[in-house]
Amino acid sequence: MDQDYDFESFFIGGSWRRPSQTSHRLTVCSPTDHRRVGSAPLATPVDVDAAVEAARFATINPSWSALSGHERADQLERLADELDKVSAQRAGLTSLQNGMPIAVARFAEGDAPVGLLRYYAALARSTPTEQTRPRIDGQGSTVVRREPVGVVAMIVPWNFPQVLTMFKLAPALASGCTVVLKPSPETTLDAFVLAEAAERAGLPAGVLNVVTGGADIGRYLVGHPDVDKVAFTGSTAAGRDIGRICGELLRPVTLELGGKSAAIVLDDADVADLVTGLATASLLNNGQTCHLSTRVLVPARRHDEIFDALDALVSNLRIGDPLDEATHVGPLVSERQRDRVLGYIATGTADTSLAVGGAGRAIPDRGWFVPPAVFGRVRNDSALARDEIFGPVLAVIPYGNVEEAIAIANDSEYGLGGTVWTSDPDAGLDVARRIQTGSVGVNYFDLDVGAPFGGVKASGLGRELGPEGLDAYVNLKSIFVR
Ligand code: NAD
């Protein structure tokens with residue numbers, strides 16, 4: 001690492017502003033070898049107040065909200081160009097901070113945010129601000145306007161910090177909102193690299209502001225009197241808390257929360273294709289991805305065959321330095337997360353009714369590594385099947401017939417992702433239609449920037465991505481004209 005990631009100021013109102021308390025700092029260490037990656041000031045409520053005030057000022061002066069879609073699109077494209085120049089740096093910084101394998105980070109954290117900005121720039125150009133409709137009663141017309149909601153508080157997690165920020169930032173900017181971003185303490189540094197790019201791109205002052213901190217400062221931002229909307233990605237527990245605060249304030253909120261999705265393996269699925277697909281659909285980013293299909297539902301008669309194939313998969317994944325191109329599985333983000341996941345593995349391993357695969361492999365002696373594990377003959381009412389473990393741990397659950405498989409898939413607190421595996425895509429689509437979830441893949445899972453993404457049940461409220469992603473950042477106003 002030849003870059004200095006020690007930041008002294010927050011990005012507020014278009015410039016770098018010293019924190020209100022200079023002794024209050026946050027250090028980010030690598031989960032791979034615990035070396036220091038960098039540091040940043042920690043915000044106090046005084047800093048958050050300044051950031052919200054700057055975001056408010058920018059809605060009116062210079063009037064970001066009043067720019068045309070074309071003018072905003074030009075700005076988004078300039079930001080995309082600047083981010084593109086530092087794609088490799090941003091991807092590497094994510095890997096350094098959270099252990100994401102670099103082959104994943106290069107696309108997901110480096111390139112994808114740039115593509116998202118360009119996609120929403122195009123939508124900013126093509127989405128009309130006003131539509132004039134004839135009244136239903138035939139008495140004149142109504143102008144329906146899309147107006148930006150105003151100042152948006154954005155709170156993001158550590159697992160995909162750059163791209164999950166952009167899920168929110170790109171449509172918010174395209175819609176004419178201004179933003180106060182609070183990244184996770186674990187991955188704070190890349191948010192400053194984003195701010196530097198915004199500065200180089202000449203994004204108008206106050207349109208993007210970055211402050212730091214943990215849950216306490218996040219809560220303060222969520223409840224700030226001058227915030228108009230909250231966009232949150234993170235755990236269901238924090239989402240419930242944020243939802244409560246926003247409910248009391250009657251403040252619009254989007255919540256992208258946890259998941260425990262099902263892979264339904266139909267009787268005709270090819271085991272080799274299944275295992276190749278699940279390596280991504282169930283284990284991406286060391287198992288720290290919200291939509292993963294971590295409950296693998298298999299026909300009872302094929303249980304042992306599929307369990308053995310998954311045992312071979314997890315046993316052969318290459319564990320190591322996330323900056324090494326060949327690594328499949330890096331460390332988990334933190335000691336706390338590692339201990340939590342090891343706890344589930346220990347409980348599963350101690351249960352003699354389960355088949356156990358993977359779990360005992362050697363791992364590097366430094367870093368928060370967890371050997372990927374698969375458990376067989378898991379019951380859907382056990383903690384292994386119900387809790388979001390957020391690590392490389394799979395639960396194989398046998399089922400009797402397809403109706404039972406669908407019932408098991410839907411018997412979950414969550415509803416975020418999911419997959420169906422079959423050699424008959426039409427049959428897969430039929431099953432996919434019946435899963436209570438926000439998104440589901442047939443024979444693979446990969447988000448589509450052009451289609452909405454989000455959860456049902458405890459997986460969240462609202463949608464991101466696609467043209468629908470703009471809707472979270474606009475208020476609709478009807479003007480009756482005669
Ligand atoms: P987390 O909820 O602990 O933290 C997320 C962010 O919220 C952090 O910035 C944190 O500082 C802040 N925060 C925590 N409590 C808060 C509160 N009460 N008020 C305001 N801010 C608060 O989650 P995490 O451990 O960083 O991330 C992992 C979780 O995120 C998993 O549950 C995962 O499923 C979820 N996630 C969901 C999606 C999705 O799109 N649905 C995507 C990625 C991750």
# chains A, B, ... in the order shown; residues from 1 in each chain; ligands from 1
>>> residues_near_ligand(ligand="ligand 1", cutoff="6 Å", atoms="only C-alpha atoms and all ligand atoms", output="PyMOL selection string")
chain A and resi 155-158+183-184+214-215+218-219+233-236+238+241-242+256-259+289-290
>>> write_last_selection(atoms="C-alpha atoms", output="short mmCIF file (atom, residue, chain, number, x, y, z; two decimals), in the first residue's frame")
data_model
loop_
_atom_site.label_atom_id
_atom_site.label_comp_id
_atom_site.auth_asym_id
_atom_site.auth_seq_id
_atom_site.Cartn_x
_atom_site.Cartn_y
_atom_site.Cartn_z
CA ILE A 155 -26.17 5.23 6.02
CA VAL A 156 -24.35 2.28 4.50
CA PRO A 157 -22.75 -0.96 5.74
CA TRP A 158 -19.23 -2.30 5.30
CA PRO A 183 -20.21 5.16 5.98
CA SER A 184 -19.55 2.26 8.37
CA GLY A 214 -20.94 4.50 14.37
CA ALA A 215 -24.52 3.75 15.36
CA GLY A 218 -26.00 7.42 12.54
CA ARG A 219 -29.01 7.70 14.88
CA THR A 233 -28.62 -0.41 4.12
CA GLY A 234 -27.60 -2.62 7.01
CA SER A 235 -28.86 -5.09 9.56
CA THR A 236 -32.52 -5.73 10.27
CA ALA A 238 -30.65 -1.30 13.01
CA ASP A 241 -34.55 1.21 15.05
CA ILE A 242 -34.26 3.62 12.12
CA GLU A 256 -32.35 -2.53 2.63
CA LEU A 257 -31.86 -5.10 5.37
CA GLY A 258 -30.80 -8.67 6.07
CA GLY A 259 -31.65 -11.92 4.36
CA THR A 289 -23.64 -10.49 1.03
CA CYS A 290 -27.25 -9.79 1.91
#
>>> residues_around(residues="region 73-78 of chain A", least_positions_apart="5", cutoff="12 Å", atoms="only C-alpha atoms", output="PyMOL selection string")
chain A and resi 64+67-68+83-85+113-127+166+169-176+197-204+207-208
>>> write_last_selection(atoms="N, CA and C atoms", output="short mmCIF file (atom, residue, chain, number, x, y, z; two decimals), in the first residue's frame")
data_model
loop_
_atom_site.label_atom_id
_atom_site.label_comp_id
_atom_site.auth_asym_id
_atom_site.auth_seq_id
_atom_site.Cartn_x
_atom_site.Cartn_y
_atom_site.Cartn_z
N TRP A 64 -29.22 23.19 -6.75
CA TRP A 64 -29.05 21.86 -7.34
C TRP A 64 -30.41 21.29 -7.73
N LEU A 67 -31.84 22.56 -11.10
CA LEU A 67 -31.16 22.29 -12.38
C LEU A 67 -32.03 21.37 -13.23
N SER A 68 -31.81 21.43 -14.53
CA SER A 68 -32.55 20.50 -15.40
C SER A 68 -31.91 19.11 -15.27
N LEU A 83 -14.43 8.93 -10.81
CA LEU A 83 -14.40 7.67 -10.06
C LEU A 83 -13.76 6.57 -10.89
N ASP A 84 -14.00 6.63 -12.20
CA ASP A 84 -13.42 5.62 -13.10
C ASP A 84 -11.89 5.66 -13.03
N LYS A 85 -11.33 6.88 -12.93
CA LYS A 85 -9.87 7.02 -12.89
C LYS A 85 -9.28 6.34 -11.65
N PRO A 113 -19.97 1.03 -9.45
CA PRO A 113 -20.46 2.36 -9.08
C PRO A 113 -20.40 3.35 -10.25
N VAL A 114 -19.39 3.21 -11.10
CA VAL A 114 -19.25 4.10 -12.26
C VAL A 114 -20.41 3.85 -13.23
N GLY A 115 -20.69 2.56 -13.47
CA GLY A 115 -21.81 2.20 -14.36
C GLY A 115 -23.14 2.71 -13.82
N LEU A 116 -23.30 2.63 -12.50
CA LEU A 116 -24.55 3.10 -11.89
C LEU A 116 -24.75 4.60 -12.10
N LEU A 117 -23.67 5.37 -11.93
CA LEU A 117 -23.78 6.81 -12.14
C LEU A 117 -24.16 7.12 -13.58
N ARG A 118 -23.57 6.37 -14.52
CA ARG A 118 -23.87 6.64 -15.93
C ARG A 118 -25.31 6.24 -16.24
N TYR A 119 -25.75 5.15 -15.64
CA TYR A 119 -27.14 4.70 -15.86
C TYR A 119 -28.12 5.77 -15.37
N TYR A 120 -27.88 6.28 -14.14
CA TYR A 120 -28.82 7.28 -13.61
C TYR A 120 -28.65 8.64 -14.29
N ALA A 121 -27.47 8.91 -14.84
CA ALA A 121 -27.32 10.15 -15.63
C ALA A 121 -28.23 10.06 -16.85
N ALA A 122 -28.25 8.91 -17.50
CA ALA A 122 -29.11 8.73 -18.69
C ALA A 122 -30.58 8.88 -18.28
N LEU A 123 -30.95 8.34 -17.11
CA LEU A 123 -32.34 8.48 -16.67
C LEU A 123 -32.67 9.92 -16.32
N ALA A 124 -31.68 10.65 -15.77
CA ALA A 124 -31.93 12.07 -15.46
C ALA A 124 -32.25 12.83 -16.74
N ARG A 125 -31.60 12.43 -17.83
CA ARG A 125 -31.87 13.11 -19.11
C ARG A 125 -33.25 12.75 -19.66
N SER A 126 -33.64 11.49 -19.46
CA SER A 126 -34.85 11.03 -20.17
C SER A 126 -36.13 11.09 -19.33
N THR A 127 -36.00 11.36 -18.02
CA THR A 127 -37.21 11.36 -17.19
C THR A 127 -37.78 12.77 -17.10
N MET A 166 -23.50 3.90 -3.89
CA MET A 166 -23.95 4.39 -5.21
C MET A 166 -25.37 3.96 -5.55
N LEU A 169 -26.75 7.06 -3.89
CA LEU A 169 -26.25 8.38 -4.30
C LEU A 169 -26.64 8.71 -5.75
N ALA A 170 -26.49 7.75 -6.65
CA ALA A 170 -26.74 8.04 -8.07
C ALA A 170 -28.20 8.46 -8.30
N PRO A 171 -29.20 7.69 -7.84
CA PRO A 171 -30.58 8.14 -8.06
C PRO A 171 -30.93 9.40 -7.28
N ALA A 172 -30.32 9.58 -6.09
CA ALA A 172 -30.63 10.79 -5.30
C ALA A 172 -30.12 12.03 -6.04
N LEU A 173 -28.89 11.97 -6.53
CA LEU A 173 -28.34 13.13 -7.26
C LEU A 173 -29.11 13.35 -8.56
N ALA A 174 -29.42 12.25 -9.24
CA ALA A 174 -30.16 12.38 -10.51
C ALA A 174 -31.51 13.05 -10.27
N SER A 175 -32.09 12.82 -9.09
CA SER A 175 -33.41 13.37 -8.79
C SER A 175 -33.35 14.81 -8.26
N GLY A 176 -32.15 15.29 -7.95
CA GLY A 176 -32.02 16.67 -7.47
C GLY A 176 -31.94 16.78 -5.95
N ALA A 197 -13.10 12.47 -5.25
CA ALA A 197 -13.51 12.42 -6.66
C ALA A 197 -14.60 13.46 -6.93
N ALA A 198 -15.53 13.61 -5.97
CA ALA A 198 -16.60 14.60 -6.14
C ALA A 198 -16.01 16.01 -6.22
N GLU A 199 -14.98 16.24 -5.42
CA GLU A 199 -14.32 17.56 -5.44
C GLU A 199 -13.65 17.79 -6.79
N ARG A 200 -12.92 16.79 -7.28
CA ARG A 200 -12.24 16.93 -8.58
C ARG A 200 -13.25 17.11 -9.71
N ALA A 201 -14.41 16.44 -9.56
CA ALA A 201 -15.44 16.52 -10.61
C ALA A 201 -16.15 17.86 -10.60
N GLY A 202 -15.94 18.64 -9.55
CA GLY A 202 -16.60 19.95 -9.46
C GLY A 202 -18.06 19.85 -9.09
N LEU A 203 -18.43 18.78 -8.38
CA LEU A 203 -19.82 18.68 -7.91
C LEU A 203 -20.10 19.91 -7.06
N PRO A 204 -21.21 20.59 -7.28
CA PRO A 204 -21.46 21.84 -6.53
C PRO A 204 -21.37 21.63 -5.01
N VAL A 207 -23.57 19.39 -2.23
CA VAL A 207 -24.44 18.36 -2.83
C VAL A 207 -24.11 16.99 -2.23
N LEU A 208 -22.82 16.73 -1.97
CA LEU A 208 -22.42 15.52 -1.25
C LEU A 208 -21.58 15.94 -0.05
#
>>> closest_residue(among="A:Leu470, A:Gly213, A:Leu42, A:Asp321", to="Val149 (chain A)", atoms="only C-alpha atoms")
A:Leu470
>>> select_by_dssp(residues="region 322-356 of chain A", states="helix (DSSP H, G or I)", output="count of residues only")
16
>>> residues_around(residues="Ala43 (chain A)", least_positions_apart="4", cutoff="8 Å", atoms="only C-alpha atoms", output="list of chain:residue names")
A:Pro19, A:Ser20, A:Gln21, A:His24, A:Asp47, A:Val48, A:Val211, A:Thr212, A:Gly213, A:Ile217
>>> residues_around(residues="Glu196 (chain A)", least_positions_apart="6", cutoff="12 Å", atoms="only C-alpha atoms", output="CSV table (one decimal) with N, CA and C atoms, in the first residue's frame")
chain,number,residue,atom,x,y,z
A,5,TYR,N,-3.8,7.0,3.7
A,5,TYR,CA,-5.2,7.1,4.0
A,5,TYR,C,-5.5,7.7,5.3
A,7,PHE,N,-6.9,10.8,7.0
A,7,PHE,CA,-7.7,12.0,6.6
A,7,PHE,C,-7.9,12.9,7.9
A,9,SER,N,-10.0,15.8,7.8
A,9,SER,CA,-11.2,16.7,7.8
A,9,SER,C,-12.3,16.0,7.1
A,10,PHE,N,-13.5,16.5,7.4
A,10,PHE,CA,-14.7,16.0,6.7
A,10,PHE,C,-14.9,16.8,5.4
A,11,PHE,N,-15.6,16.1,4.5
A,11,PHE,CA,-16.0,16.8,3.3
A,11,PHE,C,-17.4,17.4,3.5
A,12,ILE,N,-17.4,18.7,3.7
A,12,ILE,CA,-18.7,19.4,4.0
A,12,ILE,C,-18.8,20.7,3.2
A,14,GLY,N,-18.5,21.3,0.2
A,14,GLY,CA,-17.6,21.4,-1.0
A,14,GLY,C,-16.2,21.6,-0.6
A,15,SER,N,-15.9,21.6,0.7
A,15,SER,CA,-14.5,21.8,1.1
A,15,SER,C,-14.2,20.9,2.3
A,16,TRP,N,-12.9,20.8,2.6
A,16,TRP,CA,-12.4,19.9,3.7
A,16,TRP,C,-12.5,20.7,5.0
A,79,LEU,N,-18.6,13.1,-12.4
A,79,LEU,CA,-18.3,12.3,-11.2
A,79,LEU,C,-17.9,10.8,-11.6
A,82,GLU,N,-14.4,10.8,-12.9
A,82,GLU,CA,-13.4,10.8,-11.9
A,82,GLU,C,-13.3,9.5,-11.1
A,83,LEU,N,-14.4,8.9,-10.8
A,83,LEU,CA,-14.4,7.7,-10.1
A,83,LEU,C,-13.8,6.6,-10.9
A,85,LYS,N,-11.3,6.9,-12.9
A,85,LYS,CA,-9.9,7.0,-12.9
A,85,LYS,C,-9.3,6.3,-11.7
A,86,VAL,N,-10.1,6.2,-10.6
A,86,VAL,CA,-9.6,5.6,-9.3
A,86,VAL,C,-10.3,4.3,-9.0
A,90,ARG,N,-10.1,2.3,-5.5
A,90,ARG,CA,-11.3,2.1,-4.7
A,90,ARG,C,-11.5,0.6,-4.4
A,189,LEU,N,-12.8,4.7,5.0
A,189,LEU,CA,-11.8,5.5,4.2
A,189,LEU,C,-12.2,5.6,2.7
A,190,ASP,N,-12.8,4.6,2.2
A,190,ASP,CA,-13.2,4.7,0.7
A,190,ASP,C,-14.3,5.8,0.5
A,202,GLY,N,-15.9,18.6,-9.5
A,202,GLY,CA,-16.6,19.9,-9.5
A,202,GLY,C,-18.1,19.8,-9.1
A,203,LEU,N,-18.4,18.8,-8.4
A,203,LEU,CA,-19.8,18.7,-7.9
A,203,LEU,C,-20.1,19.9,-7.1
A,208,LEU,N,-22.8,16.7,-2.0
A,208,LEU,CA,-22.4,15.5,-1.3
A,208,LEU,C,-21.6,15.9,0.0
A,209,ASN,N,-22.0,15.5,1.1
A,209,ASN,CA,-21.2,15.7,2.4
A,209,ASN,C,-20.9,14.4,3.0
A,210,VAL,N,-19.7,14.2,3.6
A,210,VAL,CA,-19.4,13.0,4.2
A,210,VAL,C,-19.0,13.2,5.7
>>> select_by_dssp(residues="region 231-466 of chain A", states="strand (DSSP E or B)", output="NGL selection string")
:A and (231-233 or 253-256 or 261-265 or 293-299 or 319 or 329 or 355-357 or 373-376 or 393-399 or 414-415 or 419-421 or 441-442 or 453 or 456-457 or 460-461 or 464)
>>> atom_distance(atom1="CA of Asp267 (chain A)", atom2="CA of Thr437 (chain A)")
21.9 Å
